[in-house]
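Below is input17.cif, holding mmCIF, C-alpha atoms.
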data_data
loop_
_atom_site.label_atom_id
_atom_site.label_comp_id
_atom_site.auth_asym_id
_atom_site.auth_seq_id
_atom_site.Cartn_x
_atom_site.Cartn_y
_atom_site.Cartn_z
CA MET C 1 24.73 6.34 11.09
CA LYS C 2 27.28 3.59 11.70
CA ARG C 3 26.29 3.62 15.36
CA VAL C 4 22.63 3.40 14.36
CA GLN C 5 23.52 0.40 12.21
CA ARG C 6 24.92 -1.27 15.32
CA GLY C 7 21.53 -0.77 16.95
CA ASP C 8 22.42 2.27 19.09
CA VAL C 9 19.00 3.76 19.83
CA TYR C 10 20.49 6.95 21.30
CA ALA C 11 22.43 7.65 18.13
CA TYR C 12 19.18 7.11 16.24
CA GLN C 13 17.43 9.62 18.52
CA GLU C 14 20.13 12.18 17.75
CA LEU C 15 19.83 11.48 14.04
CA VAL C 16 16.05 12.05 14.16
CA ARG C 17 16.62 15.31 16.02
CA ARG C 18 19.09 16.47 13.37
CA TYR C 19 17.06 15.63 10.27
CA GLN C 20 13.39 15.76 11.28
CA LYS C 21 12.64 19.32 10.15
CA LYS C 22 14.53 19.08 6.87
CA VAL C 23 12.79 15.82 6.00
CA PHE C 24 9.45 17.35 6.98
CA ARG C 25 9.99 20.18 4.48
CA VAL C 26 10.87 17.72 1.71
CA ILE C 27 7.76 15.66 2.51
CA SER C 28 5.60 18.80 2.60
CA THR C 29 6.30 19.40 -1.07
CA TYR C 30 4.17 16.29 -1.71
CA VAL C 31 1.79 16.11 1.23
CA ARG C 32 -0.33 19.18 1.86
CA ASP C 33 -1.84 18.36 5.21
CA PRO C 34 0.72 18.99 8.01
CA GLU C 35 -0.67 16.14 10.14
CA ASP C 36 -0.35 13.72 7.22
CA ALA C 37 3.15 15.07 6.60
CA VAL C 38 4.12 14.30 10.21
CA GLU C 39 2.74 10.77 9.78
CA VAL C 40 4.79 10.25 6.62
CA LEU C 41 7.79 11.69 8.46
CA GLN C 42 7.40 9.14 11.25
CA ASP C 43 7.05 6.29 8.75
CA THR C 44 10.14 7.52 6.94
CA LEU C 45 12.29 7.80 10.04
CA LEU C 46 11.19 4.41 11.34
CA LYS C 47 11.97 2.91 7.94
CA VAL C 48 15.45 4.41 8.28
CA TYR C 49 15.87 2.39 11.46
CA THR C 50 14.35 -0.87 10.25
CA ALA C 51 16.24 -0.72 6.94
CA ARG C 52 19.49 0.61 8.46
CA SER C 53 21.46 -2.45 7.43
CA THR C 54 20.79 -1.70 3.74
CA TRP C 55 22.58 1.67 3.82
CA GLU C 56 26.18 1.52 2.61
CA SER C 57 28.68 4.07 3.88
CA ARG C 58 29.99 4.79 0.38
CA PHE C 59 26.63 6.44 -0.40
CA SER C 60 25.41 9.76 0.98
CA PHE C 61 23.24 9.19 4.02
CA ALA C 62 21.13 12.28 3.29
CA GLY C 63 20.49 11.06 -0.25
CA TRP C 64 19.36 7.67 1.04
CA LEU C 65 17.17 9.25 3.70
CA TYR C 66 15.47 11.69 1.31
CA ARG C 67 14.93 8.91 -1.22
CA ILE C 68 12.95 7.01 1.43
CA ALA C 69 11.07 10.19 2.34
CA ILE C 70 10.18 10.96 -1.27
CA ASN C 71 9.00 7.40 -1.96
CA ALA C 72 6.84 7.43 1.18
CA SER C 73 5.45 10.85 0.22
CA ILE C 74 4.63 9.72 -3.31
CA ASP C 75 2.81 6.68 -1.92
CA ARG C 76 0.75 8.92 0.34
CA TYR C 77 0.21 11.46 -2.43
CA ARG C 78 -1.07 8.74 -4.77
CA LYS C 79 -3.44 7.44 -2.14
CA SER C 80 -4.90 10.83 -1.26
CA ASP C 81 -4.58 12.85 -4.47
CA ARG C 82 -4.75 10.27 -7.23
CA GLY C 83 -7.87 11.83 -8.70
CA ARG C 84 -6.51 15.33 -8.65
CA THR C 85 -3.05 14.78 -10.03
CA SER C 86 -3.85 15.21 -13.68
CA SER C 87 -5.96 18.30 -13.15
CA LEU C 88 -3.18 19.94 -11.17
CA GLU C 89 -0.66 19.23 -13.89
CA ASP C 90 -3.08 20.55 -16.52
CA MET C 91 -3.50 23.71 -14.47
CA MET C 92 0.24 24.08 -14.30
CA GLU C 93 0.57 23.75 -18.05
CA THR C 94 -2.11 26.42 -18.52
CA GLN C 95 -0.35 28.72 -16.15
CA LEU C 96 2.97 28.18 -17.86
CA HIS C 97 1.33 29.24 -21.14
CA GLN C 98 -0.27 32.23 -19.45
CA SER C 99 3.10 33.22 -18.06
CA ALA C 100 4.48 33.59 -21.54
CA THR C 101 1.97 36.35 -22.16
CA VAL C 102 2.76 38.29 -19.02
CA GLY C 103 4.94 41.26 -19.81
CA SER C 104 8.06 41.98 -17.88
CA SER C 105 7.68 45.72 -17.57
CA LEU C 106 9.12 46.94 -14.28
CA ASP C 107 9.29 43.88 -12.04
CA PRO C 108 6.07 41.91 -11.67
CA LEU C 109 7.48 39.89 -8.78
CA ASP C 110 7.66 43.05 -6.69
CA GLY C 111 4.96 43.77 -4.21
CA ILE C 112 4.10 40.24 -3.13
CA CYS C 113 4.19 40.24 0.66
CA ASP C 114 6.17 37.57 2.52
CA ARG C 115 3.23 35.51 3.73
CA GLU C 116 1.41 35.60 0.44
CA ARG C 117 4.64 34.81 -1.38
CA ARG C 118 5.32 31.75 0.79
CA ARG C 119 1.79 30.47 0.31
CA LEU C 120 2.05 30.92 -3.45
CA LEU C 121 5.49 29.42 -3.66
CA GLU C 122 4.46 26.37 -1.62
CA LYS C 123 1.52 25.85 -3.95
CA THR C 124 3.60 26.27 -7.06
CA VAL C 125 6.37 23.95 -5.85
CA ARG C 126 3.74 21.26 -5.25
CA ARG C 127 2.58 21.69 -8.82
CA LEU C 128 5.95 21.03 -10.39
CA PRO C 129 6.32 17.75 -12.27
CA GLN C 130 7.71 15.04 -10.03
CA ARG C 131 11.36 15.03 -11.14
CA GLN C 132 11.62 18.82 -11.00
CA ARG C 133 10.00 18.84 -7.57
CA GLU C 134 12.46 16.23 -6.32
CA VAL C 135 15.40 18.28 -7.51
CA VAL C 136 14.03 21.51 -6.00
CA SER C 137 13.19 19.93 -2.66
CA LEU C 138 16.52 18.14 -2.31
CA ARG C 139 18.46 21.23 -3.39
CA PHE C 140 16.70 23.85 -1.30
CA PHE C 141 15.06 21.99 1.59
CA GLY C 142 17.48 19.10 1.91
CA ASP C 143 20.55 21.36 1.38
CA MET C 144 22.12 18.89 -1.02
CA LYS C 145 24.65 19.67 -3.74
CA LEU C 146 23.74 18.99 -7.36
CA GLU C 147 26.24 16.11 -7.54
CA GLU C 148 24.72 14.53 -4.41
CA ILE C 149 21.24 14.89 -5.88
CA ALA C 150 22.36 13.15 -9.06
CA ALA C 151 23.74 10.27 -6.99
CA ALA C 152 20.61 10.10 -4.82
CA LEU C 153 18.24 10.08 -7.79
CA GLY C 154 20.48 7.80 -9.83
CA CYS C 155 20.59 10.09 -12.85
CA PRO C 156 23.31 12.07 -14.68
CA LEU C 157 24.35 15.48 -13.33
CA GLY C 158 23.18 17.04 -16.60
CA THR C 159 19.65 15.77 -15.99
CA VAL C 160 19.64 17.33 -12.53
CA LYS C 161 20.86 20.66 -13.93
CA SER C 162 18.26 20.59 -16.68
CA ASN C 163 15.47 19.76 -14.21
CA LEU C 164 16.60 22.51 -11.89
CA HIS C 165 16.56 25.00 -14.76
CA LYS C 166 13.08 23.92 -15.84
CA ALA C 167 11.82 23.98 -12.25
CA VAL C 168 13.05 27.50 -11.49
CA MET C 169 11.76 28.81 -14.82
CA GLY C 170 8.46 27.00 -14.21
CA LEU C 171 8.15 28.54 -10.76
CA LYS C 172 8.93 31.96 -12.16
CA GLY C 173 6.30 31.51 -14.84
CA MET C 174 3.65 30.28 -12.41
CA LEU C 175 4.35 33.06 -9.93
CA LEU C 176 4.10 35.69 -12.63
CA ALA C 177 0.84 34.16 -13.86
CA ARG C 178 -0.55 34.13 -10.34
CA LYS C 179 0.55 37.69 -9.85
CA GLY C 180 -1.50 38.59 -12.91
CA VAL C 181 -4.53 36.84 -11.40
CA LEU C 182 -4.02 38.66 -8.13
CA ASN C 183 -3.86 42.01 -9.88
CA TYR C 184 -7.07 41.24 -11.71
CA GLU C 185 -8.76 40.34 -8.43
CA MET Z 1 19.07 30.82 -30.97
CA SER Z 2 19.99 34.44 -30.29
CA SER Z 3 22.78 35.28 -27.94
CA CYS Z 4 20.22 36.39 -25.29
CA ASP Z 5 18.31 33.10 -25.56
CA ALA Z 6 21.52 31.14 -25.06
CA ILE Z 7 22.42 33.24 -22.02
CA LYS Z 8 18.93 32.89 -20.50
CA GLU Z 9 19.28 29.11 -20.72
CA MET Z 10 22.28 29.38 -18.40
CA LEU Z 11 20.98 31.88 -15.85
CA VAL Z 12 19.62 29.36 -13.33
CA LEU Z 13 22.91 27.46 -13.26
CA TYR Z 14 24.79 30.78 -13.20
CA ALA Z 15 22.91 31.68 -10.01
CA GLU Z 16 23.76 28.21 -8.66
CA GLU Z 17 27.43 28.75 -9.53
CA ALA Z 18 27.23 25.46 -11.41
CA LEU Z 19 28.62 26.66 -14.76
CA ASP Z 20 32.17 26.05 -15.88
CA PRO Z 21 34.55 29.06 -15.69
CA GLU Z 22 34.30 29.83 -19.41
CA GLU Z 23 30.47 29.86 -19.35
CA THR Z 24 30.46 31.92 -16.15
CA ARG Z 25 32.70 34.52 -17.77
CA ARG Z 26 30.51 34.61 -20.90
CA VAL Z 27 27.29 35.11 -18.89
CA ALA Z 28 28.85 37.74 -16.62
CA GLU Z 29 30.12 39.70 -19.63
CA HIS Z 30 26.75 39.52 -21.36
CA LEU Z 31 24.86 40.65 -18.26
CA THR Z 32 26.93 43.82 -17.95
CA GLY Z 33 25.72 44.98 -21.36
CA CYS Z 34 22.15 43.53 -21.60
CA ARG Z 35 19.38 45.06 -19.53
CA ASP Z 36 16.80 42.39 -20.46
CA CYS Z 37 18.96 39.47 -19.43
CA ARG Z 38 20.03 41.31 -16.28
CA ALA Z 39 16.38 41.76 -15.28
CA GLU Z 40 15.73 38.06 -15.95
CA SER Z 41 18.80 37.11 -13.93
CA GLU Z 42 17.64 39.25 -11.00
CA GLN Z 43 14.25 37.53 -11.02
CA ILE Z 44 15.89 34.13 -10.97
CA VAL Z 45 18.17 35.15 -8.12
CA ARG Z 46 15.15 36.39 -6.21
CA ILE Z 47 13.21 33.15 -6.72
CA ARG Z 48 16.25 31.25 -5.56
CA GLU Z 49 16.38 33.40 -2.43
CA TRP Z 50 12.70 32.74 -1.82
CA LEU Z 51 13.30 29.01 -2.14
CA THR Z 52 16.01 29.17 0.51
CA ASP Z 53 13.66 31.04 2.86
CA PRO Z 54 13.48 28.95 6.05
CA GLY Z 55 9.84 30.02 6.42
CA LEU Z 56 8.88 28.00 3.34
CA PHE Z 57 7.15 24.71 4.25
CA GLU Z 58 8.08 25.60 7.79
CA PRO Z 59 7.06 22.97 10.32
CA VAL Z 60 4.49 24.13 12.86
CA GLN Z 61 6.29 25.20 16.01
CA ASP Z 62 4.95 22.87 18.64
CA LEU Z 63 6.04 20.08 20.92
CA THR Z 64 6.12 17.54 18.08
CA TRP Z 65 9.73 18.36 17.30
CA GLN Z 66 10.84 17.98 20.88
CA LEU Z 67 8.98 14.74 21.46
CA LEU Z 68 9.39 12.99 18.13
CA PRO Z 69 13.05 11.88 18.53
CA GLU Z 70 12.32 10.24 21.88
CA LYS Z 71 9.07 8.72 20.65
CA LEU Z 72 10.69 7.20 17.55
CA ALA Z 73 13.72 6.00 19.52
CA GLY Z 74 11.28 4.25 21.87
CA ARG Z 75 9.53 2.58 18.96
CA ALA Z 76 12.87 1.63 17.42
CA GLY Z 77 13.91 0.09 20.75
CA GLN Z 78 10.67 -1.92 20.83
CA LEU Z 79 11.22 -3.13 17.27
CA GLN Z 80 14.72 -4.19 18.20
CA GLY Z 81 13.53 -5.98 21.32
CA ARG Z 82 10.78 -7.72 19.42
CA ARG Z 83 13.21 -8.99 16.82
CA TRP Z 84 16.32 -10.17 18.53
CA GLY Z 85 16.30 -8.98 22.09
CA LEU Z 86 15.37 -9.94 25.57
CA PHE Z 87 15.51 -7.67 28.62
CA GLY Z 88 17.14 -4.96 26.50
CA LEU Z 89 20.03 -7.21 25.43
CA ARG Z 90 20.54 -8.02 21.77
CA PHE Z 91 21.52 -11.38 20.38
CA PRO Z 92 22.80 -12.33 16.97
CA LYS Z 93 20.54 -14.58 14.90
CA TRP Z 94 22.81 -17.58 15.29
CA ALA Z 95 22.61 -17.35 19.09
CA LEU Z 96 18.82 -17.49 18.90
CA SER Z 97 19.00 -20.46 16.53
CA ALA Z 98 21.42 -22.21 18.91
CA ALA Z 99 19.06 -21.55 21.84
CA ALA Z 100 16.15 -22.97 19.85
CA LEU Z 101 18.18 -26.10 19.02
CA VAL Z 102 19.12 -26.58 22.67
CA ALA Z 103 15.48 -26.28 23.70
CA LEU Z 104 14.51 -28.82 21.04
CA ALA Z 105 17.27 -31.24 22.07
CA CYS Z 106 16.29 -30.99 25.75
CA GLY Z 107 12.67 -31.64 24.84
CA LEU Z 108 13.58 -34.74 22.83
CA ILE Z 109 15.80 -36.14 25.58
CA TRP Z 110 13.14 -35.53 28.19
CA THR Z 111 10.51 -37.30 26.04
CA MET Z 112 12.80 -40.30 25.45
CA ARG Z 113 13.55 -40.61 29.16
CA LEU Z 114 9.85 -40.63 29.93
CA ARG Z 115 9.32 -43.51 27.49
CA ALA Z 116 12.39 -45.60 28.40
CA PRO Z 117 12.05 -47.68 31.59
CA ALA Z 118 14.60 -46.68 34.20
CA PRO Z 119 17.16 -49.41 35.04
CA PRO Z 120 16.64 -50.85 38.49
CA GLY Z 121 18.60 -48.97 41.11
CA ALA Z 122 19.55 -46.03 38.79
CA GLN Z 123 19.33 -42.51 40.24
CA PRO Z 124 17.16 -40.13 38.18
CA ALA Z 125 19.26 -37.36 36.55
CA LEU Z 126 17.89 -33.91 35.73
CA VAL Z 127 19.99 -33.59 32.58
CA ALA Z 128 21.01 -36.41 30.30
CA PRO Z 129 24.73 -37.29 30.53
CA GLY Z 130 26.79 -35.25 28.05
CA ASN Z 131 24.30 -32.42 27.86
CA GLU Z 132 25.89 -30.40 30.68
CA ALA Z 133 28.88 -29.69 28.44
CA PHE Z 134 26.63 -28.53 25.62
CA LEU Z 135 24.59 -26.28 27.89
CA ASP Z 136 27.81 -24.84 29.35
CA LYS Z 137 28.94 -24.05 25.85
CA VAL Z 138 25.70 -22.21 25.09
CA ARG Z 139 25.97 -20.29 28.34
CA THR Z 140 29.55 -19.31 27.53
CA VAL Z 141 28.54 -18.02 24.11
CA TYR Z 142 25.73 -15.99 25.64
CA ALA Z 143 28.01 -14.60 28.39
CA ARG Z 144 30.59 -13.55 25.81
CA GLU Z 145 27.96 -11.84 23.68
CA ALA Z 146 26.37 -10.02 26.64
CA THR Z 147 29.78 -8.88 27.95
CA SER Z 148 30.82 -7.72 24.53
CA GLN Z 149 27.57 -5.73 24.14
CA TYR Z 150 28.06 -4.05 27.49
CA LEU Z 151 31.67 -3.14 26.71
CA ALA Z 152 30.68 -1.79 23.28
CA GLY Z 153 27.95 0.32 24.88
CA CYS Z 154 30.42 1.73 27.42
CA GLN Z 155 33.00 2.37 24.72
CA GLY Z 156 30.47 4.33 22.60
CA LEU Z 157 29.36 6.34 25.60
CA LEU Z 158 32.92 7.23 26.68
CA LEU Z 159 33.80 8.31 23.15
CA ASP Z 160 30.67 10.46 22.86
CA LEU Z 161 31.27 11.99 26.24
CA ALA Z 162 34.70 13.11 25.14
CA CYS Z 163 33.31 14.64 21.93
CA THR Z 164 30.12 16.24 23.20
CA GLU Z 165 29.56 19.68 21.68
CA ARG Z 166 25.94 20.36 22.59
CA LYS Z 167 25.76 23.59 24.55
CA CYS Z 168 22.86 24.24 26.89
CA GLU Z 169 23.22 27.16 29.29
CA GLY Z 170 26.10 29.58 28.94
CA ASP Z 171 29.31 27.62 28.64
CA ARG Z 172 27.77 24.42 30.03
CA TYR Z 173 27.36 21.25 27.98
CA ASP Z 174 24.22 19.19 27.54
CA VAL Z 175 24.95 15.63 28.70
CA SER Z 176 21.33 14.52 29.12
CA LEU Z 177 21.65 11.83 26.42
CA GLU Z 178 24.84 10.47 28.01
CA VAL Z 179 23.19 10.40 31.44
CA ALA Z 180 20.23 8.44 30.04
CA ARG Z 181 22.59 6.03 28.29
CA ALA Z 182 24.59 5.54 31.49
CA ARG Z 183 21.37 4.54 33.27
CA GLN Z 184 20.51 2.06 30.55
CA LEU Z 185 23.99 0.56 30.68
CA LEU Z 186 23.72 0.21 34.46
CA GLU Z 187 20.57 -1.82 33.94
CA GLN Z 188 22.44 -3.92 31.37
CA LYS Z 189 25.28 -4.45 33.85
CA ARG Z 190 22.81 -5.66 36.48
CA MET Z 191 21.67 -8.39 34.06
CA LEU Z 192 25.27 -9.17 33.17
CA ASP Z 193 26.52 -9.77 36.73
CA ALA Z 194 25.34 -13.38 36.79
CA GLU Z 195 27.12 -14.13 33.51
CA LEU Z 196 30.46 -12.73 34.67
CA SER Z 197 31.03 -15.90 36.73
CA VAL Z 198 31.41 -17.90 33.50
CA PRO Z 199 35.15 -18.76 33.31
CA ASP Z 200 35.62 -17.46 29.76
CA VAL Z 201 34.53 -13.92 30.67
CA ALA Z 202 35.49 -13.87 34.35
CA ARG Z 203 38.56 -11.77 33.57
CA ALA Z 204 36.24 -9.00 32.30
CA LYS Z 205 34.62 -8.61 35.72
CA GLY Z 206 37.19 -6.14 37.07
CA LEU Z 207 36.87 -3.70 34.19
CA CYS Z 208 33.06 -4.14 33.97
CA ASP Z 209 32.79 -3.22 37.66
CA GLU Z 210 35.10 -0.25 37.21
CA LEU Z 211 33.00 0.96 34.29
CA GLU Z 212 29.91 0.47 36.43
CA ARG Z 213 31.30 2.85 39.06
CA PHE Z 214 32.00 5.40 36.35
CA LEU Z 215 28.45 4.97 35.02
CA ILE Z 216 26.99 5.42 38.50
CA ASN Z 217 28.78 8.76 38.82
CA LEU Z 218 27.70 9.80 35.33
CA SER Z 219 24.09 8.74 35.87
CA THR Z 220 23.83 11.13 38.82
CA ALA Z 221 25.40 14.05 36.91
CA GLN Z 222 23.41 17.13 36.04
CA THR Z 223 22.03 17.29 32.51
CA CYS Z 224 23.94 20.55 31.97
CA GLU Z 225 27.53 20.05 33.08
CA THR Z 226 30.32 22.59 33.40
CA PRO Z 227 33.41 22.23 31.21
CA VAL Z 228 35.38 21.51 34.41
CA ALA Z 229 33.19 18.53 35.30
CA LEU Z 230 33.41 17.21 31.76
CA HIS Z 231 37.16 17.65 31.77
CA ARG Z 232 37.35 15.72 35.05
CA MET Z 233 35.48 12.80 33.47
CA GLU Z 234 37.68 12.91 30.38
CA SER Z 235 40.81 12.91 32.57
CA LEU Z 236 39.55 9.89 34.45
CA ILE Z 237 38.89 8.03 31.19
CA GLU Z 238 42.39 8.90 30.04
CA LYS Z 239 44.12 8.23 33.36
CA GLU Z 240 42.52 4.82 33.82
CA GLN Z 241 43.03 4.06 30.12
CA LEU Z 242 39.45 2.86 30.01
CA LEU Z 243 39.07 2.95 26.23
CA LEU Z 244 42.31 1.07 25.64
CA ARG Z 245 41.45 -1.55 28.23
CA ILE Z 246 37.99 -2.05 26.74
CA LYS Z 247 39.54 -2.57 23.32
CA VAL Z 248 42.08 -5.08 24.59
CA LEU Z 249 39.45 -6.98 26.56
CA GLN Z 250 37.03 -7.03 23.64
CA SER Z 251 39.60 -8.54 21.32
CA GLY Z 252 40.29 -11.15 24.01
CA ILE Z 253 36.74 -12.32 24.53
CA SER Z 254 35.34 -12.09 21.02
#

Would you give me this structure, written as structure tokens?
Amino acid sequence: MKRVQRGDVYAYQELVRRYQKKVFRVISTYVRDPEDAVEVLQDTLLKVYTARSTWESRFSFAGWLYRIAINASIDRYRKSDRGRTSSLEDMMETQLHQSATVGSSLDPLDGICDRERRRLLEKTVRRLPQRQREVVSLRFFGDMKLEEIAAALGCPLGTVKSNLHKAVMGLKGMLLARKGVLNYE
Amino acid sequence: MSSCDAIKEMLVLYAEEALDPEETRRVAEHLTGCRDCRAESEQIVRIREWLTDPGLFEPVQDLTWQLLPEKLAGRAGQLQGRRWGLFGLRFPKWALSAAALVALACGLIWTMRLRAPAPPGAQPALVAPGNEAFLDKVRTVYAREATSQYLAGCQGLLLDLACTERKCEGDRYDVSLEVARARQLLEQKRMLDAELSVPDVARAKGLCDELERFLINLSTAQTCETPVALHRMESLIEKEQLLLRIKVLQSGIS
């Protein structure tokens, strides 16, 4: 990144090559349409170049990069999904309540095939409240440690841990609820 | 809160290995004797595994990922050129300001000369007396900056060449980026040649030319080079002490 800061375009090219897919996955947790996600990705990576002088080496580069990506994704999400946001969150709440009623006899998470599971999981991750989604995407798609996430989001480590706990439990609840729906169908 | 409830609150962080040793021991002990909590823990571990699945939010496999780095680097290069550059060379802001001031000063002098009647018998001069020194100074600053940029580019390239770890075929190394950079630096050197006659940077000419010969060889290399060829280049860099000489020269002209 220091070379990029000096204006080395080849170093920037290498940096894009290294991070493009990871950043795409983080962005995809906010932006459903893959073409839109690629657009946001391009905006993000160009912003990295134009704002390169604002990065300080004492901070994690990945944290800074994902922060830009998340902000750009939220902007896009607000523009395209503003009307649907509340209904999605309501639906999530409903499903969380439903999940409490689903019994845990045997293992209800068994039997979901890979493709179906990915589709469901992608949907449910997108329905997490913003802070929980940030923590999940940085932890699992950005490969960041909890301490790095705390630094990137500018919040205490305890908040990150608590959000991660809520997110995983929320995902579990939503998946179980969906599994119930699938069984009914 | 029952003991199970307290343990369940810690299961996600237990799976993350983010609990302190005492809590970890407490959860592990509880799990050995509690079937309910064990089942819950297994579900959490499974969801965690699903989240680390590389197929989740997987980018579509197409040419986008091969072309995007080059495309964005091109756009970044354009942005850079539009801001502070000319012919691929970059200038600091103060150099641009100085150039603007010179242009303004020349314009003013020219206008005044047009208005003032020429003394009888005086020869018309292209530049007002005293301005040659100022223009020389500007040219020197520019020559120093351009030489320094070229040397920095060569230094970065030589360092990267010595550290390249990208494998392509078998035990060969991918040097395509270095080859492309060598070509760009050759172009930069072509623009620099005229400036190397400026006295303040004239002593850099020898090394700049030597680096140019190295770049010519590199620019004609294959994109997948054998370890032997790479080692030969590294030996040359070391033998000719190119990196050290660049450093010494840079400190002399900056």

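For the residues C:Gln130, C:Ser60, C:Thr159, C:Gln42, ranking by smallest atom-to-atom distance to chain Z using all atoms listed in the file places C:Gln42 first.
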
Residues within 7 Å of stretch 4-17 of chain Z, please, as a VMD selection string. Count all atoms listed in the file; anything in the same chain fewer than 5 positions from it doesn't count. (chain C and resid 165) or (chain Z and resid 24 27 37 41 44 to 45)

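Considering all atoms listed in the file, the residue among C:Val4, C:Leu46, C:Asn71, C:Gly173 positioned nearest to chain Z is C:Leu46.
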
Show me, as a PyMOL selection string, every residue of chain Z with an atom at most 6 Å from chain C, counting all atoms listed in the file. chain Z and resi 12+52+56-57+69+73

Once 5 Å is added on each side, what centre and edge lengths in Å to one decimal does the axis-aligned box around all listed atoms of stretch 59-74 of chain C have, as JSON?
{"center_x": 15.6, "center_y": 9.4, "center_z": 0.4, "size_x": 32.0, "size_y": 15.8, "size_z": 17.3}

Could you tell me which residues the PyMOL selection byres ((chain Z and resi 220) around 12) returns for this structure, as an MDAnalysis selection string? chainID Z and resid 175:176 178:183 186 213:219 221:225

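Pairwise distance (atom CA of Z:Val248, atom CA of Z:Pro199) equals 17.6 Å.
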
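Counting only C-alpha atoms and comparing C:Tyr66, C:Lys79, C:Met144, C:Gln5, the residue that lies closest to C:Ala51 is C:Gln5.
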
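Note that atom CA of Z:Arg166 and atom CA of C:Ile149 are 29.4 Å apart.
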
Shortest contact to Z:Cys163, candidates Z:Arg144, Z:Arg139, Z:Lys189, Z:His231, atoms counted all atoms listed in the file, goes to Z:His231

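With the shown file loaded, the PyMOL selection byres ((chain Z and resi 192) around 10) picks out Leu89, Ala143, Ala146, Thr147, Gln149, Tyr150, Leu186, Glu187, Gln188, Lys189, Arg190, Met191, Asp193, Ala194, Glu195, Leu196, Ser197, Lys205 and Cys208 of chain Z.
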
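Here atom CA of C:Ile68 and atom CA of C:Asp36 stand 16.0 Å from one another.
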